[in-house]
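As provided, query-v3.cif (mmCIF, C-alpha atoms) reads as follows.
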```cif
data_model
#
loop_
_atom_site.group_PDB
_atom_site.id
_atom_site.type_symbol
_atom_site.label_atom_id
_atom_site.label_comp_id
_atom_site.auth_asym_id
_atom_site.auth_seq_id
_atom_site.Cartn_x
_atom_site.Cartn_y
_atom_site.Cartn_z
ATOM 1 C CA MET J 1 69.282 104.499 136.869
ATOM 2 C CA LEU J 2 71.711 104.518 139.734
ATOM 3 C CA PRO J 3 75.012 102.806 138.825
ATOM 4 C CA GLY J 4 76.778 101.558 141.903
ATOM 5 C CA SER J 5 73.606 101.384 144.032
ATOM 6 C CA ARG J 6 74.207 97.676 144.644
ATOM 7 C CA PRO J 7 77.211 95.406 144.150
ATOM 8 C CA ALA J 8 77.777 93.549 140.890
ATOM 9 C CA LYS J 9 76.872 89.863 140.914
ATOM 10 C CA LEU J 10 78.994 87.149 139.298
ATOM 11 C CA LEU J 11 77.368 83.980 137.902
ATOM 12 C CA LYS J 12 78.921 80.991 136.142
ATOM 13 C CA PHE J 13 77.632 78.003 134.171
ATOM 14 C CA ASN J 14 79.325 75.034 132.505
ATOM 15 C CA THR J 15 77.894 71.870 130.960
ATOM 16 C CA ASN J 16 80.857 69.812 132.185
ATOM 17 C CA GLY J 17 79.590 67.120 134.535
ATOM 18 C CA ILE J 18 75.949 67.515 133.468
ATOM 19 C CA PRO J 19 74.275 64.481 131.820
ATOM 20 C CA ALA J 20 73.986 65.028 128.065
ATOM 21 C CA THR J 21 70.189 64.692 128.116
ATOM 22 C CA ASN J 22 69.849 67.579 130.596
ATOM 23 C CA ARG J 23 72.310 70.036 129.111
ATOM 24 C CA VAL J 24 70.072 71.995 126.744
ATOM 25 C CA GLN J 25 67.359 72.395 129.383
ATOM 26 C CA LEU J 26 69.814 73.636 132.010
ATOM 27 C CA TRP J 27 71.552 75.876 129.451
ATOM 28 C CA GLU J 28 68.187 77.472 128.668
ATOM 29 C CA HIS J 29 67.444 77.828 132.383
ATOM 30 C CA HIS J 30 70.750 79.569 133.076
ATOM 31 C CA ASN J 31 70.341 81.998 130.187
ATOM 32 C CA SER J 32 66.775 82.765 131.242
ATOM 33 C CA LYS J 33 67.990 83.649 134.726
ATOM 34 C CA ALA J 34 71.325 85.254 133.922
ATOM 35 C CA LEU J 35 71.142 86.819 130.459
ATOM 36 C CA ILE J 36 68.346 86.408 127.867
ATOM 37 C CA PRO J 37 65.537 83.800 127.848
ATOM 38 C CA LEU J 38 66.051 81.703 124.700
ATOM 39 C CA ASP J 39 64.602 78.705 122.906
ATOM 40 C CA ILE J 40 67.769 76.686 122.235
ATOM 41 C CA ARG J 41 68.322 73.711 119.932
ATOM 42 C CA THR J 42 71.460 71.800 119.029
ATOM 43 C CA MET J 43 72.315 71.286 115.366
ATOM 44 C CA ASP J 44 73.380 67.636 115.575
ATOM 45 C CA ASP J 45 73.288 64.654 117.923
ATOM 46 C CA ALA J 46 76.524 65.569 119.710
ATOM 47 C CA PRO J 47 76.102 66.552 123.392
ATOM 48 C CA LEU J 48 75.933 70.294 123.904
ATOM 49 C CA GLN J 49 79.120 71.907 125.175
ATOM 50 C CA ALA J 50 78.584 75.346 126.682
ATOM 51 C CA SER J 51 79.893 77.726 129.314
ATOM 52 C CA GLU J 52 79.030 81.231 130.416
ATOM 53 C CA VAL J 53 80.307 83.837 132.846
ATOM 54 C CA ASN J 54 77.871 86.617 133.749
ATOM 55 C CA LEU J 55 78.334 89.879 135.575
ATOM 56 C CA HIS J 56 75.210 91.781 136.674
ATOM 57 C CA PHE J 57 75.407 95.510 137.355
ATOM 58 C CA PRO J 58 72.573 97.723 138.566
ATOM 59 C CA SER J 59 71.616 98.485 134.947
ATOM 60 C CA LEU J 60 73.808 96.461 132.612
ATOM 61 C CA LYS J 61 74.600 92.787 132.219
ATOM 62 C CA PHE J 62 77.909 91.531 130.818
ATOM 63 C CA ALA J 63 78.467 87.967 129.631
ATOM 64 C CA GLN J 64 81.177 85.811 128.128
ATOM 65 C CA VAL J 65 79.661 82.895 126.210
ATOM 66 C CA LYS J 66 81.161 79.807 124.600
ATOM 67 C CA GLY J 67 79.311 76.905 123.028
ATOM 68 C CA SER J 68 79.170 74.170 120.425
ATOM 69 C CA ALA J 69 76.914 74.304 117.337
ATOM 70 C CA GLN J 70 73.412 75.509 118.239
ATOM 71 C CA VAL J 71 70.453 77.657 117.224
ATOM 72 C CA VAL J 72 68.886 80.188 119.594
ATOM 73 C CA GLU J 73 65.535 81.841 118.977
ATOM 74 C CA ARG J 74 63.008 84.297 120.345
ATOM 75 C CA ASN J 75 59.832 84.187 118.242
ATOM 76 C CA GLU J 76 56.699 86.261 118.850
ATOM 77 C CA ARG J 77 55.011 83.704 121.091
ATOM 78 C CA PHE J 78 58.176 83.128 123.120
ATOM 79 C CA ILE J 79 58.664 86.882 123.541
ATOM 80 C CA ARG J 80 55.097 87.305 124.833
ATOM 81 C CA GLN J 81 55.802 84.624 127.426
ATOM 82 C CA ASN J 82 59.327 85.892 128.229
ATOM 83 C CA PRO J 83 59.525 89.676 127.712
ATOM 84 C CA MET J 84 62.949 91.241 128.279
ATOM 85 C CA GLY J 85 62.537 94.998 128.009
ATOM 86 C CA ALA J 86 66.180 95.179 126.958
ATOM 87 C CA ILE J 87 68.552 95.832 124.087
ATOM 88 C CA ALA J 88 71.350 93.313 123.489
ATOM 89 C CA VAL J 89 74.809 93.790 122.011
ATOM 90 C CA PHE J 90 76.495 90.629 120.714
ATOM 91 C CA PHE J 91 80.249 90.723 119.990
ATOM 92 C CA ALA J 92 81.354 87.775 117.819
ATOM 93 C CA LEU J 93 84.828 86.542 118.789
ATOM 94 C CA GLU J 94 84.873 83.095 117.183
ATOM 95 C CA GLY J 95 82.475 81.301 114.845
ATOM 96 C CA GLU J 96 80.410 82.672 111.977
ATOM 97 C CA ALA J 97 76.698 83.109 112.602
ATOM 98 C CA PHE J 98 73.468 83.745 110.734
ATOM 99 C CA PHE J 99 71.040 86.240 112.198
ATOM 100 C CA TYR J 100 67.419 86.250 110.988
ATOM 101 C CA TYR J 101 65.043 88.985 112.080
ATOM 102 C CA GLY J 102 61.651 90.328 110.986
ATOM 103 C CA ASP J 103 62.121 91.027 107.291
ATOM 104 C CA GLY J 104 65.846 90.487 106.871
ATOM 105 C CA GLN J 105 69.013 88.624 107.736
ATOM 106 C CA GLU J 106 72.687 89.245 108.492
ATOM 107 C CA SER J 107 75.754 87.031 108.237
ATOM 108 C CA LEU J 108 78.081 87.850 111.112
ATOM 109 C CA LYS J 109 81.781 87.082 111.292
ATOM 110 C CA PRO J 110 84.276 87.272 114.164
ATOM 111 C CA GLY J 111 85.118 90.904 114.786
ATOM 112 C CA GLN J 112 81.570 92.080 114.154
ATOM 113 C CA ALA J 113 78.992 93.192 116.697
ATOM 114 C CA VAL J 114 75.235 93.505 116.362
ATOM 115 C CA ILE J 115 72.873 95.608 118.481
ATOM 116 C CA TYR J 116 69.256 94.414 118.560
ATOM 117 C CA ASP J 117 66.069 94.746 120.574
ATOM 118 C CA ALA J 118 65.656 91.427 122.389
ATOM 119 C CA ASP J 119 61.860 91.797 122.310
ATOM 120 C CA ARG J 120 61.773 91.702 118.518
ATOM 121 C CA PRO J 121 61.759 88.222 116.942
ATOM 122 C CA PHE J 122 65.135 86.821 115.927
ATOM 123 C CA LEU J 123 66.917 83.565 115.266
ATOM 124 C CA ARG J 124 70.681 83.136 115.544
ATOM 125 C CA GLY J 125 72.586 80.064 114.415
ATOM 126 C CA PHE J 126 76.164 78.937 114.949
ATOM 127 C CA CYS J 127 77.075 76.059 112.632
ATOM 128 C CA LYS J 128 80.546 75.562 114.111
ATOM 129 C CA GLY J 129 79.988 76.861 117.608
ATOM 130 C CA LEU J 130 80.561 80.275 119.094
ATOM 131 C CA ARG J 131 82.570 82.419 121.431
ATOM 132 C CA GLU J 132 81.118 85.840 122.075
ATOM 133 C CA LEU J 133 80.646 88.683 124.499
ATOM 134 C CA VAL J 134 77.188 90.006 125.311
ATOM 135 C CA LEU J 135 75.981 93.233 126.888
ATOM 136 C CA THR J 136 72.352 93.982 127.701
ATOM 137 C CA ILE J 137 70.885 97.337 128.657
ATOM 138 C CA PRO J 138 67.299 98.161 129.727
ATOM 139 C CA ARG J 139 65.356 99.615 126.800
ATOM 140 C CA ASP J 140 64.530 102.814 128.694
ATOM 141 C CA ASP J 141 68.231 103.415 129.325
ATOM 142 C CA TYR J 142 69.000 102.724 125.675
ATOM 143 C CA LEU J 143 66.376 105.263 124.597
ATOM 144 C CA GLU J 144 67.990 107.806 126.901
ATOM 145 C CA LEU J 145 71.315 107.233 125.153
ATOM 146 C CA SER J 146 69.800 107.279 121.658
ATOM 147 C CA GLY J 147 67.839 110.467 122.170
ATOM 148 C CA GLY J 148 64.538 108.577 122.183
ATOM 149 C CA LYS J 149 65.127 106.808 118.864
ATOM 150 C CA PRO J 150 63.930 103.164 119.074
ATOM 151 C CA LEU J 151 65.949 100.285 117.639
ATOM 152 C CA LEU J 152 63.742 98.841 114.890
ATOM 153 C CA LYS J 153 66.392 96.860 113.006
ATOM 154 C CA PRO J 154 69.757 95.381 113.965
ATOM 155 C CA ARG J 155 72.811 97.616 113.725
ATOM 156 C CA VAL J 156 76.028 95.870 112.750
ATOM 157 C CA PHE J 157 79.509 97.221 113.532
ATOM 158 C CA ASN J 158 82.991 96.015 112.654
ATOM 159 C CA PHE J 159 84.743 96.515 115.962
ATOM 160 C CA ASN J 160 88.132 95.415 114.602
ATOM 161 C CA GLN J 161 88.326 98.148 111.952
ATOM 162 C CA GLY J 162 89.629 101.712 112.010
ATOM 163 C CA GLU J 163 86.601 103.980 111.751
ATOM 164 C CA ALA J 164 85.999 106.296 114.698
ATOM 165 C CA ALA J 165 82.667 104.786 115.784
ATOM 166 C CA ASN J 166 84.149 101.318 115.612
ATOM 167 C CA ARG J 167 86.970 102.349 117.940
ATOM 168 C CA HIS J 168 84.314 103.011 120.556
ATOM 169 C CA MET J 169 82.812 99.574 119.917
ATOM 170 C CA LEU J 170 86.251 97.963 120.184
ATOM 171 C CA ALA J 171 86.826 99.774 123.470
ATOM 172 C CA LEU J 172 83.430 98.544 124.671
ATOM 173 C CA ALA J 173 84.296 94.944 123.759
ATOM 174 C CA LYS J 174 87.604 95.238 125.613
ATOM 175 C CA LEU J 175 85.854 96.753 128.615
ATOM 176 C CA VAL J 176 83.314 93.915 128.805
ATOM 177 C CA SER J 177 85.988 91.246 128.352
ATOM 178 C CA GLY J 178 88.460 92.809 130.768
ATOM 179 C CA THR J 179 85.859 93.453 133.467
ATOM 180 C CA ILE J 180 84.593 89.866 133.367
ATOM 181 C CA ALA J 181 88.142 88.504 133.403
ATOM 182 C CA GLY J 182 89.021 90.717 136.349
ATOM 183 C CA GLN J 183 86.050 89.539 138.399
ATOM 184 C CA ALA J 184 86.660 85.873 137.587
ATOM 185 C CA GLN J 185 90.116 85.993 139.199
ATOM 186 C CA PRO J 186 90.757 84.795 142.779
ATOM 187 C CA SER J 187 91.314 88.439 143.795
ATOM 188 C CA PRO J 188 88.687 90.312 141.760
ATOM 189 C CA SER J 189 88.979 93.971 140.866
ATOM 190 C CA ALA J 190 86.839 96.312 142.938
ATOM 191 C CA ASP J 191 86.555 99.056 140.282
ATOM 192 C CA LEU J 192 83.112 98.066 139.001
ATOM 193 C CA ASP J 193 81.163 101.324 139.278
ATOM 194 C CA ARG J 194 83.560 102.943 136.831
ATOM 195 C CA ALA J 195 83.204 99.987 134.438
ATOM 196 C CA GLU J 196 79.445 100.372 134.191
ATOM 197 C CA ASP J 197 79.687 104.143 133.761
ATOM 198 C CA ALA J 198 82.304 103.745 131.026
ATOM 199 C CA ALA J 199 80.208 101.096 129.261
ATOM 200 C CA LEU J 200 77.183 103.395 129.246
ATOM 201 C CA GLU J 201 79.299 106.265 127.911
ATOM 202 C CA LEU J 202 80.809 104.070 125.191
ATOM 203 C CA LEU J 203 77.449 102.707 124.136
ATOM 204 C CA GLY J 204 76.155 106.268 123.942
ATOM 205 C CA LEU J 205 79.035 107.188 121.634
ATOM 206 C CA VAL J 206 78.423 104.113 119.468
ATOM 207 C CA ILE J 207 74.722 104.723 118.915
ATOM 208 C CA GLY J 208 75.123 108.469 118.475
ATOM 209 C CA GLY J 209 73.335 109.615 121.591
ATOM 210 C CA ASP J 210 74.561 112.219 124.062
ATOM 211 C CA ARG J 211 74.718 111.144 127.674
ATOM 212 C CA SER J 212 76.239 113.060 130.570
ATOM 213 C CA GLY J 213 79.390 114.193 128.785
ATOM 214 C CA THR J 214 81.712 113.151 131.607
ATOM 215 C CA GLY J 215 84.286 111.848 129.137
ATOM 216 C CA ALA J 216 84.414 108.282 130.479
ATOM 217 C CA GLY J 217 83.603 106.858 127.053
ATOM 218 C CA TYR J 218 86.212 108.920 125.236
ATOM 219 C CA LEU J 219 88.734 108.048 127.936
ATOM 220 C CA ALA J 220 88.079 104.318 127.545
ATOM 221 C CA THR J 221 88.398 104.564 123.762
ATOM 222 C CA ALA J 222 91.610 106.567 124.038
ATOM 223 C CA ARG J 223 93.126 104.053 126.436
ATOM 224 C CA SER J 224 92.123 101.201 124.135
ATOM 225 C CA TYR J 225 93.793 102.943 121.182
ATOM 226 C CA ILE J 226 96.931 103.625 123.213
ATOM 227 C CA GLU J 227 97.127 100.012 124.393
ATOM 228 C CA ASP J 228 97.144 98.772 120.807
ATOM 229 C CA ARG J 229 99.972 101.145 119.877
ATOM 230 C CA LEU J 230 102.265 101.238 122.893
ATOM 231 C CA GLY J 231 105.121 99.884 120.784
ATOM 232 C CA ASP J 232 105.035 102.880 118.428
ATOM 233 C CA PRO J 233 107.529 105.497 119.675
ATOM 234 C CA GLN J 234 105.862 108.094 117.427
ATOM 235 C CA LEU J 235 102.501 107.771 119.181
ATOM 236 C CA SER J 236 101.287 111.271 120.053
ATOM 237 C CA ALA J 237 98.394 112.921 121.827
ATOM 238 C CA ALA J 238 97.326 114.451 118.513
ATOM 239 C CA GLU J 239 97.108 110.997 116.912
ATOM 240 C CA VAL J 240 95.104 109.593 119.819
ATOM 241 C CA ALA J 241 92.715 112.549 119.811
ATOM 242 C CA ALA J 242 92.139 112.224 116.065
ATOM 243 C CA ALA J 243 91.480 108.490 116.384
ATOM 244 C CA VAL J 244 88.957 109.045 119.175
ATOM 245 C CA GLY J 245 87.245 111.916 117.370
ATOM 246 C CA ILE J 246 87.925 114.787 119.773
ATOM 247 C CA SER J 247 90.351 117.701 119.963
ATOM 248 C CA GLU J 248 93.765 117.325 121.554
ATOM 249 C CA ARG J 249 92.723 119.877 124.166
ATOM 250 C CA HIS J 250 89.634 117.831 125.042
ATOM 251 C CA LEU J 251 91.769 114.690 125.257
ATOM 252 C CA THR J 252 94.165 116.394 127.665
ATOM 253 C CA ARG J 253 91.250 117.564 129.804
ATOM 254 C CA ILE J 254 89.599 114.136 130.173
ATOM 255 C CA PHE J 255 92.936 112.513 131.048
ATOM 256 C CA ALA J 256 93.631 115.260 133.594
ATOM 257 C CA GLU J 257 90.228 114.606 135.161
ATOM 258 C CA ALA J 258 91.268 110.944 135.468
ATOM 259 C CA GLY J 259 94.455 111.904 137.294
ATOM 260 C CA GLU J 260 97.287 112.340 134.786
ATOM 261 C CA PRO J 261 98.043 113.828 131.352
ATOM 262 C CA PRO J 262 98.134 111.550 128.289
ATOM 263 C CA SER J 263 101.932 111.560 128.128
ATOM 264 C CA LEU J 264 102.299 110.240 131.680
ATOM 265 C CA TYR J 265 99.607 107.622 131.104
ATOM 266 C CA VAL J 266 101.443 106.351 128.007
ATOM 267 C CA LEU J 267 104.756 106.340 129.873
ATOM 268 C CA GLY J 268 103.238 104.399 132.753
ATOM 269 C CA ARG J 269 101.695 101.775 130.480
ATOM 270 C CA ARG J 270 104.966 101.359 128.563
ATOM 271 C CA LEU J 271 106.903 100.885 131.781
ATOM 272 C CA GLU J 272 104.369 98.339 133.043
ATOM 273 C CA GLN J 273 104.587 96.456 129.756
ATOM 274 C CA ALA J 274 108.377 96.457 129.916
ATOM 275 C CA ARG J 275 108.320 95.226 133.516
ATOM 276 C CA ALA J 276 106.003 92.367 132.527
ATOM 277 C CA MET J 277 108.349 91.348 129.720
ATOM 278 C CA LEU J 278 111.417 91.551 131.966
ATOM 279 C CA SER J 279 109.684 89.338 134.539
ATOM 280 C CA ASP J 280 108.638 86.808 131.896
ATOM 281 C CA LEU J 281 110.977 83.815 132.069
ATOM 282 C CA THR J 282 110.289 82.985 128.434
ATOM 283 C CA GLN J 283 111.962 86.305 127.536
ATOM 284 C CA ARG J 284 114.931 86.012 129.873
ATOM 285 C CA THR J 285 117.386 86.020 126.939
ATOM 286 C CA THR J 286 115.753 88.948 125.140
ATOM 287 C CA PRO J 287 118.127 91.950 125.300
ATOM 288 C CA VAL J 288 116.940 94.849 127.443
ATOM 289 C CA GLY J 289 117.359 97.172 124.475
ATOM 290 C CA GLN J 290 114.970 95.061 122.441
ATOM 291 C CA ILE J 291 112.422 95.041 125.254
ATOM 292 C CA SER J 292 112.614 98.816 125.612
ATOM 293 C CA ALA J 293 112.043 99.202 121.869
ATOM 294 C CA GLN J 294 109.098 96.788 121.914
ATOM 295 C CA ALA J 295 107.574 98.859 124.712
ATOM 296 C CA GLY J 296 107.814 101.999 122.580
ATOM 297 C CA PHE J 297 110.965 103.675 123.931
ATOM 298 C CA ALA J 298 113.170 105.297 121.292
ATOM 299 C CA SER J 299 116.039 105.735 123.774
ATOM 300 C CA GLN J 300 117.306 102.901 125.966
ATOM 301 C CA SER J 301 119.048 105.299 128.340
ATOM 302 C CA TYR J 302 115.813 107.232 128.892
ATOM 303 C CA PHE J 303 113.992 103.941 129.394
ATOM 304 C CA THR J 304 116.490 102.863 132.066
ATOM 305 C CA ARG J 305 116.182 106.166 133.950
ATOM 306 C CA ALA J 306 112.396 106.187 133.790
ATOM 307 C CA PHE J 307 112.216 102.521 134.793
ATOM 308 C CA LYS J 308 114.392 103.047 137.874
ATOM 309 C CA ALA J 309 112.446 106.157 138.861
ATOM 310 C CA ARG J 310 109.173 104.208 138.662
ATOM 311 C CA PHE J 311 110.182 100.863 140.191
ATOM 312 C CA GLY J 312 113.275 101.646 142.274
ATOM 313 C CA ALA J 313 115.465 99.221 140.328
ATOM 314 C CA THR J 314 117.108 99.083 136.920
ATOM 315 C CA PRO J 315 115.704 96.754 134.253
ATOM 316 C CA LEU J 316 118.597 94.310 134.763
ATOM 317 C CA GLN J 317 118.130 94.327 138.535
ATOM 318 C CA LEU J 318 114.441 93.539 138.186
ATOM 319 C CA ARG J 319 115.155 90.722 135.732
ATOM 320 C CA LYS J 320 117.731 89.174 138.092
ATOM 321 C CA LYS J 321 115.264 89.358 140.966
ATOM 322 C CA ALA J 322 112.597 87.641 138.873
ATOM 323 C CA LEU J 323 115.024 84.825 138.068
ATOM 324 C CA LEU J 324 116.041 84.453 141.718
ATOM 325 C CA ASP J 325 112.408 84.331 142.832
ATOM 326 C CA VAL J 326 111.816 81.165 140.793
ATOM 327 C CA ALA J 327 115.182 79.530 141.435
ATOM 328 C CA PRO J 328 114.972 76.218 143.390
#
```

This structure in structure tokens:
Amino acid sequence: MLPGSRPAKLLKFNTNGIPATNRVQLWEHHNSKALIPLDIRTMDDAPLQASEVNLHFPSLKFAQVKGSAQVVERNERFIRQNPMGAIAVFFALEGEAFFYYGDGQESLKPGQAVIYDADRPFLRGFCKGLRELVLTIPRDDYLELSGGKPLLKPRVFNFNQGEAANRHMLALAKLVSGTIAGQAQPSPSADLDRAEDAALELLGLVIGGDRSGTGAGYLATARSYIEDRLGDPQLSAAEVAAAVGISERHLTRIFAEAGEPPSLYVLGRRLEQARAMLSDLTQRTTPVGQISAQAGFASQSYFTRAFKARFGATPLQLRKKALLDVAP
């Protein structure tokens, strides 16, 4: 497994403009090529609506999927004809789903993720459509992360809850979503090697394996936790470390390895958030003091000094410039 040995590949699919009678066939063809071969059926006579954005790394595949009501299946015969050799992680964002497998079933709601071996029979159904993220990893790589323990049944996680393992899953969902969004922009991000490494680290933390110990997974989880709590002026390194499941000393070390201590990372993110709000024309009447508080600053005077030191202008000066830039 050599992350970064070849560039990531971006693929896109949309049923818009495709004749209704051809949509399911082409949707199956795209998924077979870009994600997971599936036997797909619609649940009513309405034309299928579906779209997908895929990002292929050397080892992992990321996907963002949206579709109308449908059923997708991989039974034993289909699997023999279309083996995957991969484990899949499905993150439900919108739409409830049923998940049938071997000798059981799961009902999945938005905010839940399921990890399953794609070469074991399953059937998934979405009565009201779906929006989800998907990650696939080669089975051999998964076994390396899990310490050789195979995945015999699905594992379900609530990635919008507060338990430590679920924080890693939430960070993984954010990483997949953010990486795809970044590559779909006109000027895509170039930081893809780090994304795959972090995803592997996070998945290792989720399933309980022990990978290389570089700290990329803990770092991604810590940053995810910080991002959700930037507005809390009481946010501390001790709180972040406890949420991630490591010591404060370990947290400081992995941030230092990434280039800055936790306190400076938090300050930088708060200043960036404040700058975005000050540049937002819909918030042009929001007092600067309120913006500084929303960004997590307990002192407006400290905020002003830190803002000027970072951006070379006061908050008011930046806001005026933003208004002038859009003036006719």

Quick one: residues within 7 Å of range 300-308 of chain J, all atoms listed in the file, excluding same-chain residues fewer than 5 positions away - as an MDAnalysis selection string? chainID J and resid 271 289 292 313:315

Matched chain/residue IDs from the PyMOL selection byres ((chain J and resi 126) around 6), as a short mmCIF file (atom, residue, chain, number, x, y, z; two decimals) with C-alpha atoms, keeping the file's coordinate frame:
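Now in part-v1.cif:
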```
data_model
loop_
_atom_site.label_atom_id
_atom_site.label_comp_id
_atom_site.auth_asym_id
_atom_site.auth_seq_id
_atom_site.Cartn_x
_atom_site.Cartn_y
_atom_site.Cartn_z
CA ALA J 69 76.91 74.30 117.34
CA GLN J 70 73.41 75.51 118.24
CA ALA J 97 76.70 83.11 112.60
CA GLY J 125 72.59 80.06 114.42
CA CYS J 127 77.08 76.06 112.63
CA LYS J 128 80.55 75.56 114.11
CA GLY J 129 79.99 76.86 117.61
#
```

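Restricting the calculation to all atoms listed in the file, the smallest distance between Leu38 in chain J and any of J:Glu144, J:Asp119, J:Asp103, J:Glu227 is found for J:Asp119.
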
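You will find CA of Asp39 in chain J at 8.6 Å from CA of Asn75 in chain J.
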
Using CA of Ile246 in chain J and CA of Ser224 in chain J as the two end points, give the distance in Å to one decimal. 14.9 Å

Selected range 299-311 of chain J, written as a tab-separated table (two decimals), in the first residue's frame, N, CA and C atoms:
```
chain	number	residue	atom	x	y	z
J	299	SER	N	-12.64	38.50	24.76
J	299	SER	CA	-12.26	39.92	24.81
J	299	SER	C	-12.23	40.50	23.40
J	300	GLN	N	-13.01	41.57	23.19
J	300	GLN	CA	-13.02	42.19	21.86
J	300	GLN	C	-11.71	42.90	21.58
J	301	SER	N	-11.10	43.49	22.60
J	301	SER	CA	-9.83	44.19	22.38
J	301	SER	C	-8.73	43.21	21.97
J	302	TYR	N	-8.70	42.04	22.61
J	302	TYR	CA	-7.73	41.02	22.22
J	302	TYR	C	-8.01	40.54	20.81
J	303	PHE	N	-9.28	40.36	20.49
J	303	PHE	CA	-9.65	39.95	19.14
J	303	PHE	C	-9.14	40.94	18.10
J	304	THR	N	-9.33	42.24	18.36
J	304	THR	CA	-8.91	43.26	17.41
J	304	THR	C	-7.40	43.23	17.20
J	305	ARG	N	-6.65	43.09	18.30
J	305	ARG	CA	-5.18	43.05	18.19
J	305	ARG	C	-4.73	41.81	17.42
J	306	ALA	N	-5.30	40.67	17.76
J	306	ALA	CA	-4.91	39.43	17.09
J	306	ALA	C	-5.31	39.46	15.62
J	307	PHE	N	-6.47	40.03	15.33
J	307	PHE	CA	-6.94	40.11	13.95
J	307	PHE	C	-6.00	40.97	13.10
J	308	LYS	N	-5.60	42.12	13.64
J	308	LYS	CA	-4.71	43.01	12.89
J	308	LYS	C	-3.34	42.37	12.70
J	309	ALA	N	-2.87	41.67	13.73
J	309	ALA	CA	-1.56	41.01	13.63
J	309	ALA	C	-1.59	39.93	12.55
J	310	ARG	N	-2.72	39.25	12.40
J	310	ARG	CA	-2.83	38.16	11.43
J	310	ARG	C	-3.05	38.67	10.01
J	311	PHE	N	-3.95	39.67	9.86
J	311	PHE	CA	-4.38	40.07	8.52
J	311	PHE	C	-3.91	41.46	8.08
```
